[in-house]
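What follows is a set of notes on a single structure, which appears directly below.
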Amino acid sequence: MRWIRAAGRGLLALAVVLCGHAASAGPGDGGRDDGRGPMTLATAGDLTGYLGPVLEGWNRTHPGERVSLVELPDSADETRAQMITDLKSGGGRFDVLNIDVAWTSEFAAAGWIAPLERDRFPLPSFLPPVVDTATYDGKLHAVPYVTNAGMLFYRKDVLDGEGERPPRTWAELERQARTLAPRHGLAGYAGQFLPYEGLTVNAAEAVYSAGGTILGDDGERVTVDSAAARSGLGFLARGVRDGWIPREALTFKEEESRQAFQDGRLLFLRNWPYAYAGASGPGSAVAGKFGAVPLPGPDGPGTSVLGGSNLAVSTHARHPRSARDLIAYLTSEQVQRRVLTEGALPPVRAALYTDPALVRAFPYLPTLRASVLAAEPRPKSPHYEQVSLAVQAVAYDVMAQHQTPEAAVRRLAAELAAIARRR
């Protein structure tokens, strides 16, 4: 309405105002030429409530650059959809984005997140594999914030009572899940097998552990049609067919599978480290009765998929300099320590994994560190959503006994090739 009234006072006055506005506004900074000012940080739901107090620490010392937290749905798929809607619209509602590590390539290829200066952030102090998740086309497009790797949770009391050690191979896992679990009234093994992003992770881990891959490093070459991929998917299919993976697990996401283990209904569970806190807490049927080891593979330790999230600056950020400074703050050692102690999330700073006080408080840290260092990222692709949907659909059909692993791998290879041809 102010512009309408100005127009009424004359076109010349309007032109002067517009010229003055254009001269003072810098690109992407909301009208400030120094790129500093208030921001929003968009993230999936903060389940432990730690992030608000962390951001208050920033706001106390940066009153002119206050950050507002925008919590999107807990579901990764819904969070991604809301972020992309805002980014495509150019509305600039979100300045800093806390994105799943698998989205970095897609967001960067689409031009939704801005390249960052490597020397601005403490990348050498991070666990080495996490840095690769933040790069695309040789450039840094995000900064690692939280990492993750899958682990095998097991009932220590049951295995100790049977004189058994936790499994290191698929054959050992299969034998114990098939024979020991029924003796103790337990189901054998579960992961996250509902067709969503969690199934992409579980299927990729099975393929990687068997020595296979899904896409080449360029994100375009399809490599999934292999004996290793057939072996990995066959392992999961055999579990359901033979009953040591309960059919109920085909409905599990992270929380459902965690609850099943925490309620004392499973001998083995593949999940992220966050499940450790709940299983150790008040009301858990397995508190003090379980342990965690790296995922098994065909002939020894398997390969986890690298999880976690990266922080990126939207190309529509109103105050990009403040946004980059906020990312530096959130990846500082002080805040990374709080990410673990208050958020129960795995930090990216390597030194924290060998801190004696932290290891005493979080006994799984050495196992988690080994799992992260051996982990592999999900397939990198500018079409990641389509790639993930294809993997989920094929893996689910194999586990539900709708398709053989051999036919499923051929189908997946054809679908991924069609996706790679899209531009």
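Chain identifiers are assigned as A, B, and so on, following the order in which chains appear in the structure tokens; residues are numbered from 1 within each chain, and ligands are numbered from 1 in order of appearance.
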
Wanna dump the range 116-206 of chain A-range 366-386 of chain A contacts at 7 Å for me, each residue with its shortest atom pair and the distance in Å to one decimal, counting only C-alpha atoms, ordered by chain and number, as a Markdown table?
```
| residue | atom | partner | partner_atom | distance |
| --- | --- | --- | --- | --- |
| A:Pro129 | CA | A:Leu373 | CA | 6.3 |
| A:Thr133 | CA | A:Pro377 | CA | 6.9 |
| A:Asn148 | CA | A:Val372 | CA | 6.7 |
| A:Ala149 | CA | A:Val372 | CA | 5.4 |
```

With C-alpha atoms retained, could you export that selection as a short mmCIF file (atom, residue, chain, number, x, y, z; two decimals), in the first residue's frame?
```
data_model
loop_
_atom_site.label_atom_id
_atom_site.label_comp_id
_atom_site.auth_asym_id
_atom_site.auth_seq_id
_atom_site.Cartn_x
_atom_site.Cartn_y
_atom_site.Cartn_z
CA PRO A 129 33.60 -40.12 5.49
CA THR A 133 28.36 -36.40 1.83
CA ASN A 148 24.98 -41.80 11.76
CA ALA A 149 25.65 -45.44 11.00
#
```

- Query: What residues in range 172-401 of chain A get the DSSP label strand (DSSP E or B)? Please answer as a ChimeraX atom specification.
  - Reply: /A:187-190,215,222,266-271,290-293,296-297,301,305-314,347,349,376

- Task: Between CA of Leu326 in chain A and CA of Thr147 in chain A, measure the distance and give it in Å to one decimal.
- Result: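 For CA of Leu326 in chain A relative to CA of Thr147 in chain A, the distance reads 18.5 Å.
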
Proximity of range 292-380 of chain A to range 31-48 of chain A: per-residue shortest pair, 9 Å limit, only C-alpha atoms, as a tab-separated table:
```
residue	atom	partner	partner_atom	distance
A:Ala317	CA	A:Met39	CA	8.0
A:Arg318	CA	A:Gly35	CA	7.2
A:His319	CA	A:Gly35	CA	4.3
A:Pro320	CA	A:Gly35	CA	5.4
A:Arg321	CA	A:Gly35	CA	5.0
A:Ser322	CA	A:Arg36	CA	4.9
A:Ala323	CA	A:Met39	CA	7.0
A:Glu342	CA	A:Thr48	CA	7.6
A:Gly343	CA	A:Thr48	CA	5.7
A:Ala344	CA	A:Thr48	CA	7.7
```

Write out, as a PDB file, in the first residue's frame, the residues just selected, with N, CA, C and O atoms.
```
ATOM      1  N   ALA A 317      18.604 -17.299   0.632  1.00  0.00           N
ATOM      2  CA  ALA A 317      18.781 -16.823   2.005  1.00  0.00           C
ATOM      3  C   ALA A 317      18.816 -15.305   2.050  1.00  0.00           C
ATOM      4  O   ALA A 317      19.497 -14.652   1.247  1.00  0.00           O
ATOM      5  N   ARG A 318      18.097 -14.730   3.003  1.00  0.00           N
ATOM      6  CA  ARG A 318      18.050 -13.269   3.140  1.00  0.00           C
ATOM      7  C   ARG A 318      19.377 -12.707   3.631  1.00  0.00           C
ATOM      8  O   ARG A 318      19.778 -11.609   3.252  1.00  0.00           O
ATOM      9  N   HIS A 319      20.057 -13.453   4.493  1.00  0.00           N
ATOM     10  CA  HIS A 319      21.295 -12.975   5.109  1.00  0.00           C
ATOM     11  C   HIS A 319      22.337 -14.090   5.090  1.00  0.00           C
ATOM     12  O   HIS A 319      22.580 -14.754   6.095  1.00  0.00           O
ATOM     13  N   PRO A 320      22.946 -14.306   3.935  1.00  0.00           N
ATOM     14  CA  PRO A 320      23.840 -15.467   3.770  1.00  0.00           C
ATOM     15  C   PRO A 320      25.088 -15.436   4.645  1.00  0.00           C
ATOM     16  O   PRO A 320      25.582 -16.486   5.040  1.00  0.00           O
ATOM     17  N   ARG A 321      25.618 -14.249   4.958  1.00  0.00           N
ATOM     18  CA  ARG A 321      26.806 -14.212   5.818  1.00  0.00           C
ATOM     19  C   ARG A 321      26.466 -14.667   7.225  1.00  0.00           C
ATOM     20  O   ARG A 321      27.220 -15.427   7.854  1.00  0.00           O
ATOM     21  N   SER A 322      25.336 -14.234   7.731  1.00  0.00           N
ATOM     22  CA  SER A 322      24.887 -14.707   9.044  1.00  0.00           C
ATOM     23  C   SER A 322      24.632 -16.212   8.998  1.00  0.00           C
ATOM     24  O   SER A 322      24.934 -16.932   9.951  1.00  0.00           O
ATOM     25  N   ALA A 323      24.074 -16.680   7.894  1.00  0.00           N
ATOM     26  CA  ALA A 323      23.784 -18.111   7.764  1.00  0.00           C
ATOM     27  C   ALA A 323      25.061 -18.936   7.829  1.00  0.00           C
ATOM     28  O   ALA A 323      25.114 -19.975   8.508  1.00  0.00           O
ATOM     29  N   GLU A 342      22.954 -33.798  24.785  1.00  0.00           N
ATOM     30  CA  GLU A 342      21.578 -33.342  24.965  1.00  0.00           C
ATOM     31  C   GLU A 342      20.640 -33.836  23.863  1.00  0.00           C
ATOM     32  O   GLU A 342      19.462 -34.035  24.102  1.00  0.00           O
ATOM     33  N   GLY A 343      21.177 -34.021  22.666  1.00  0.00           N
ATOM     34  CA  GLY A 343      20.349 -34.447  21.549  1.00  0.00           C
ATOM     35  C   GLY A 343      20.396 -35.936  21.277  1.00  0.00           C
ATOM     36  O   GLY A 343      19.609 -36.438  20.479  1.00  0.00           O
ATOM     37  N   ALA A 344      21.339 -36.654  21.923  1.00  0.00           N
ATOM     38  CA  ALA A 344      21.509 -38.090  21.707  1.00  0.00           C
ATOM     39  C   ALA A 344      21.757 -38.407  20.240  1.00  0.00           C
ATOM     40  O   ALA A 344      21.365 -39.465  19.738  1.00  0.00           O
TER      41      ALA A 344
END
```

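Residue neighbourhood of Ala108 in chain A, excluding near-sequence residues (fewer than 2 positions): Trp103, Thr104, Ser105, Glu106, Ala110, Gly111, Trp112, Ile113, Ala114, Pro115, Thr135, Tyr136, Asp137, His141, Ala142 and Pro382 of chain A, at 9 Å, using only C-alpha atoms.
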
Next, dump the selected residues to file, keeping only N, CA, C and O atoms, as an mmCIF file, in the first residue's frame.
```
data_model
loop_
_atom_site.group_PDB
_atom_site.id
_atom_site.type_symbol
_atom_site.label_atom_id
_atom_site.label_comp_id
_atom_site.auth_asym_id
_atom_site.auth_seq_id
_atom_site.Cartn_x
_atom_site.Cartn_y
_atom_site.Cartn_z
ATOM 1 N N TRP A 103 20.388 -35.892 0.384
ATOM 2 C CA TRP A 103 19.766 -34.869 -0.454
ATOM 3 C C TRP A 103 20.768 -33.855 -0.998
ATOM 4 O O TRP A 103 20.416 -33.043 -1.858
ATOM 5 N N THR A 104 21.988 -33.868 -0.516
ATOM 6 C CA THR A 104 22.932 -32.800 -0.874
ATOM 7 C C THR A 104 23.133 -32.714 -2.376
ATOM 8 O O THR A 104 23.076 -31.623 -2.962
ATOM 9 N N SER A 105 23.370 -33.841 -3.032
ATOM 10 C CA SER A 105 23.610 -33.825 -4.483
ATOM 11 C C SER A 105 22.398 -33.294 -5.229
ATOM 12 O O SER A 105 22.523 -32.482 -6.154
ATOM 13 N N GLU A 106 21.219 -33.756 -4.850
ATOM 14 C CA GLU A 106 19.990 -33.325 -5.517
ATOM 15 C C GLU A 106 19.777 -31.820 -5.361
ATOM 16 O O GLU A 106 19.490 -31.113 -6.341
ATOM 17 N N ALA A 110 20.173 -28.923 -8.401
ATOM 18 C CA ALA A 110 19.025 -28.084 -8.744
ATOM 19 C C ALA A 110 19.291 -26.597 -8.526
ATOM 20 O O ALA A 110 18.469 -25.758 -8.901
ATOM 21 N N GLY A 111 20.436 -26.255 -7.912
ATOM 22 C CA GLY A 111 20.746 -24.854 -7.639
ATOM 23 C C GLY A 111 20.018 -24.277 -6.456
ATOM 24 O O GLY A 111 19.896 -23.059 -6.319
ATOM 25 N N TRP A 112 19.550 -25.141 -5.549
ATOM 26 C CA TRP A 112 18.770 -24.669 -4.396
ATOM 27 C C TRP A 112 19.644 -24.273 -3.209
ATOM 28 O O TRP A 112 19.184 -23.545 -2.332
ATOM 29 N N ILE A 113 20.864 -24.794 -3.142
ATOM 30 C CA ILE A 113 21.768 -24.463 -2.034
ATOM 31 C C ILE A 113 23.065 -23.899 -2.598
ATOM 32 O O ILE A 113 23.498 -24.268 -3.688
ATOM 33 N N ALA A 114 23.656 -22.991 -1.847
ATOM 34 C CA ALA A 114 24.803 -22.232 -2.340
ATOM 35 C C ALA A 114 26.118 -22.949 -2.032
ATOM 36 O O ALA A 114 26.261 -23.556 -0.965
ATOM 37 N N PRO A 115 27.113 -22.869 -2.930
ATOM 38 C CA PRO A 115 28.454 -23.394 -2.600
ATOM 39 C C PRO A 115 29.040 -22.641 -1.411
ATOM 40 O O PRO A 115 28.746 -21.468 -1.188
ATOM 41 N N THR A 135 29.615 -32.788 -0.426
ATOM 42 C CA THR A 135 30.193 -32.272 -1.666
ATOM 43 C C THR A 135 29.379 -32.723 -2.871
ATOM 44 O O THR A 135 28.737 -33.778 -2.863
ATOM 45 N N TYR A 136 29.424 -31.907 -3.913
ATOM 46 C CA TYR A 136 28.806 -32.267 -5.192
ATOM 47 C C TYR A 136 29.603 -31.594 -6.296
ATOM 48 O O TYR A 136 29.913 -30.402 -6.212
ATOM 49 N N ASP A 137 29.949 -32.375 -7.301
ATOM 50 C CA ASP A 137 30.699 -31.860 -8.443
ATOM 51 C C ASP A 137 31.987 -31.167 -8.001
ATOM 52 O O ASP A 137 32.375 -30.134 -8.544
ATOM 53 N N HIS A 141 28.946 -27.984 -0.784
ATOM 54 C CA HIS A 141 27.635 -27.345 -0.843
ATOM 55 C C HIS A 141 26.901 -27.384 0.496
ATOM 56 O O HIS A 141 25.786 -26.873 0.613
ATOM 57 N N ALA A 142 27.498 -28.013 1.491
ATOM 58 C CA ALA A 142 26.897 -28.096 2.815
ATOM 59 C C ALA A 142 28.013 -28.408 3.804
ATOM 60 O O ALA A 142 29.163 -28.651 3.404
ATOM 61 N N PRO A 382 21.513 -36.675 -8.805
ATOM 62 C CA PRO A 382 20.646 -35.495 -8.835
ATOM 63 C C PRO A 382 19.171 -35.868 -8.886
ATOM 64 O O PRO A 382 18.303 -35.015 -8.714
#
```

- Task: Would you list the contacts of Glu78 in chain A as number ranges by chain, taking every protein, DNA or RNA residue within 12 Å and counting only C-alpha atoms, but skipping same-chain residues closer than 5 positions in sequence?
- Result: A: 43-45, 71-73, 83-85, 196-197

For the selection just defined, write its residues with N, CA, C and O atoms to a file, as a PDB file, in the first residue's frame.
```pdb
ATOM      1  N   THR A  43      14.324 -27.601   9.904  1.00  0.00           N
ATOM      2  CA  THR A  43      14.797 -28.942  10.233  1.00  0.00           C
ATOM      3  C   THR A  43      13.604 -29.867  10.423  1.00  0.00           C
ATOM      4  O   THR A  43      12.483 -29.402  10.665  1.00  0.00           O
ATOM      5  N   ALA A  44      13.851 -31.159  10.304  1.00  0.00           N
ATOM      6  CA  ALA A  44      12.824 -32.114  10.707  1.00  0.00           C
ATOM      7  C   ALA A  44      12.591 -31.977  12.207  1.00  0.00           C
ATOM      8  O   ALA A  44      13.392 -31.372  12.926  1.00  0.00           O
ATOM      9  N   GLY A  45      11.498 -32.544  12.687  1.00  0.00           N
ATOM     10  CA  GLY A  45      11.142 -32.393  14.090  1.00  0.00           C
ATOM     11  C   GLY A  45      12.273 -32.748  15.042  1.00  0.00           C
ATOM     12  O   GLY A  45      12.938 -33.772  14.876  1.00  0.00           O
ATOM     13  N   GLU A  71      10.373 -26.156  12.741  1.00  0.00           N
ATOM     14  CA  GLU A  71      10.360 -27.615  12.784  1.00  0.00           C
ATOM     15  C   GLU A  71       9.334 -28.151  11.794  1.00  0.00           C
ATOM     16  O   GLU A  71       8.144 -27.867  11.895  1.00  0.00           O
ATOM     17  N   LEU A  72       9.802 -28.929  10.852  1.00  0.00           N
ATOM     18  CA  LEU A  72       8.963 -29.556   9.848  1.00  0.00           C
ATOM     19  C   LEU A  72       8.570 -30.950  10.345  1.00  0.00           C
ATOM     20  O   LEU A  72       8.977 -31.358  11.434  1.00  0.00           O
ATOM     21  N   PRO A  73       7.793 -31.723   9.603  1.00  0.00           N
ATOM     22  CA  PRO A  73       7.358 -33.037  10.103  1.00  0.00           C
ATOM     23  C   PRO A  73       8.520 -33.975  10.413  1.00  0.00           C
ATOM     24  O   PRO A  73       9.625 -33.835   9.872  1.00  0.00           O
ATOM     25  N   MET A  83      10.571 -28.483   2.155  1.00  0.00           N
ATOM     26  CA  MET A  83      11.746 -27.690   1.807  1.00  0.00           C
ATOM     27  C   MET A  83      11.772 -27.382   0.308  1.00  0.00           C
ATOM     28  O   MET A  83      12.014 -26.239  -0.104  1.00  0.00           O
ATOM     29  N   ILE A  84      11.516 -28.394  -0.499  1.00  0.00           N
ATOM     30  CA  ILE A  84      11.593 -28.201  -1.949  1.00  0.00           C
ATOM     31  C   ILE A  84      10.515 -27.237  -2.426  1.00  0.00           C
ATOM     32  O   ILE A  84      10.755 -26.410  -3.315  1.00  0.00           O
ATOM     33  N   THR A  85       9.329 -27.313  -1.847  1.00  0.00           N
ATOM     34  CA  THR A  85       8.272 -26.370  -2.216  1.00  0.00           C
ATOM     35  C   THR A  85       8.721 -24.936  -1.997  1.00  0.00           C
ATOM     36  O   THR A  85       8.529 -24.061  -2.857  1.00  0.00           O
ATOM     37  N   TYR A 196       9.813 -47.066   2.522  1.00  0.00           N
ATOM     38  CA  TYR A 196      10.103 -45.641   2.681  1.00  0.00           C
ATOM     39  C   TYR A 196      11.621 -45.525   2.687  1.00  0.00           C
ATOM     40  O   TYR A 196      12.331 -46.487   2.337  1.00  0.00           O
ATOM     41  N   GLU A 197      12.157 -44.381   3.061  1.00  0.00           N
ATOM     42  CA  GLU A 197      13.605 -44.182   2.986  1.00  0.00           C
ATOM     43  C   GLU A 197      14.376 -45.195   3.827  1.00  0.00           C
ATOM     44  O   GLU A 197      15.490 -45.594   3.467  1.00  0.00           O
TER      45      GLU A 197
END
```

Report the closest atom pair, with its distance in Å rounded to one decimal, for each residue of range 99-179 of chain A that has an atom no farther than 9 Å from range 276-292 of chain A; count only C-alpha atoms, sort by chain and then rising residue number, and write it as a tab-separated table.
```
residue	atom	partner	partner_atom	distance
A:Met151	CA	A:Ala292	CA	6.4
A:Leu152	CA	A:Ala292	CA	5.5
A:Phe153	CA	A:Ala292	CA	4.4
A:Tyr154	CA	A:Phe290	CA	5.5
A:Arg155	CA	A:Phe290	CA	4.4
A:Lys156	CA	A:Phe290	CA	4.5
A:Asp157	CA	A:Lys289	CA	5.3
A:Val158	CA	A:Lys289	CA	8.3
A:Pro166	CA	A:Ala292	CA	8.8
```

- Message: Please compute the CA of Pro301 in chain A-CA of Ala206 in chain A distance, one decimal, in Å.
- Response: 11.6 Å

- Query: Near range 417-421 of chain A, counting only C-alpha atoms, which residues have an atom at most 8 Å away, once you skip same-chain residues fewer than 3 positions from it, shown as a PyMOL selection string?
  - Reply: chain A and resi 219-222+383+386-387+413-414

- Query: For the atom pair CA of Ala395 in chain A and CA of Ala203 in chain A, what is the interatomic distance in Å to one decimal place?
  - Reply: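 A separation of 6.3 Å between them.
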
- Message: I'd like to know which of A:Leu250, A:Ala350, A:Arg178, A:Ser314 is closest to Pro195 in chain A, using only C-alpha atoms.
- Response: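 Ranked by minimum distance to Pro195 in chain A, first place goes to A:Leu250.
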
- Query: Within 7 Å of Asn271 in chain A, counting only C-alpha atoms, which residues qualify if same-chain residues fewer than 2 places away don't, as a count of residues only?
  - Reply: 8

- Message: List the spatial neighbours of Gly297 in chain A as a list in words - criterion: any atom at most 12 Å away, only C-alpha atoms, same-chain residues fewer than 4 positions off excluded.
- Response: Leu152, Pro167, Arg168, Thr169, Trp170, Ala171, Glu172, Leu173, Glu174, Glu205, Ala206, Val207, Tyr208, Ser209, Ala210, Gly211, Gly212, Ala228, Ser231, Gly232, Phe235, Leu236, Pro301, Gly302, Thr303 and Ser304 of chain A

- Message: According to DSSP computed on the backbone, where in range 229-305 of chain A is there alpha helix (DSSP H)? Give the residues as a list in words.
- Response: Ala229, Arg230, Ser231, Gly232, Leu233, Gly234, Phe235, Leu236, Ala237, Arg238, Gly239, Val240, Arg241, Asp242, Glu254, Glu255, Glu256, Ser257, Arg258, Gln259, Ala260, Phe261, Gln262, Ala275, Tyr276, Ala277, Gly278, Ala279 and Ser280 of chain A

- Query: Taking into account only C-alpha atoms, which residue in the set A:Gln82, A:Asn202, A:Ser125, A:Ser75 is nearest to Tyr396 in chain A?
  - Reply: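 Checking each of A:Gln82, A:Asn202, A:Ser125, A:Ser75 against Tyr396 in chain A, counting only C-alpha atoms, the winner is A:Asn202.
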
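With only C-alpha atoms as the atoms that count, the residue of A:Glu56, A:Ala361, A:Val391, A:Asn310 with the shortest distance to Glu415 in chain A is A:Val391.
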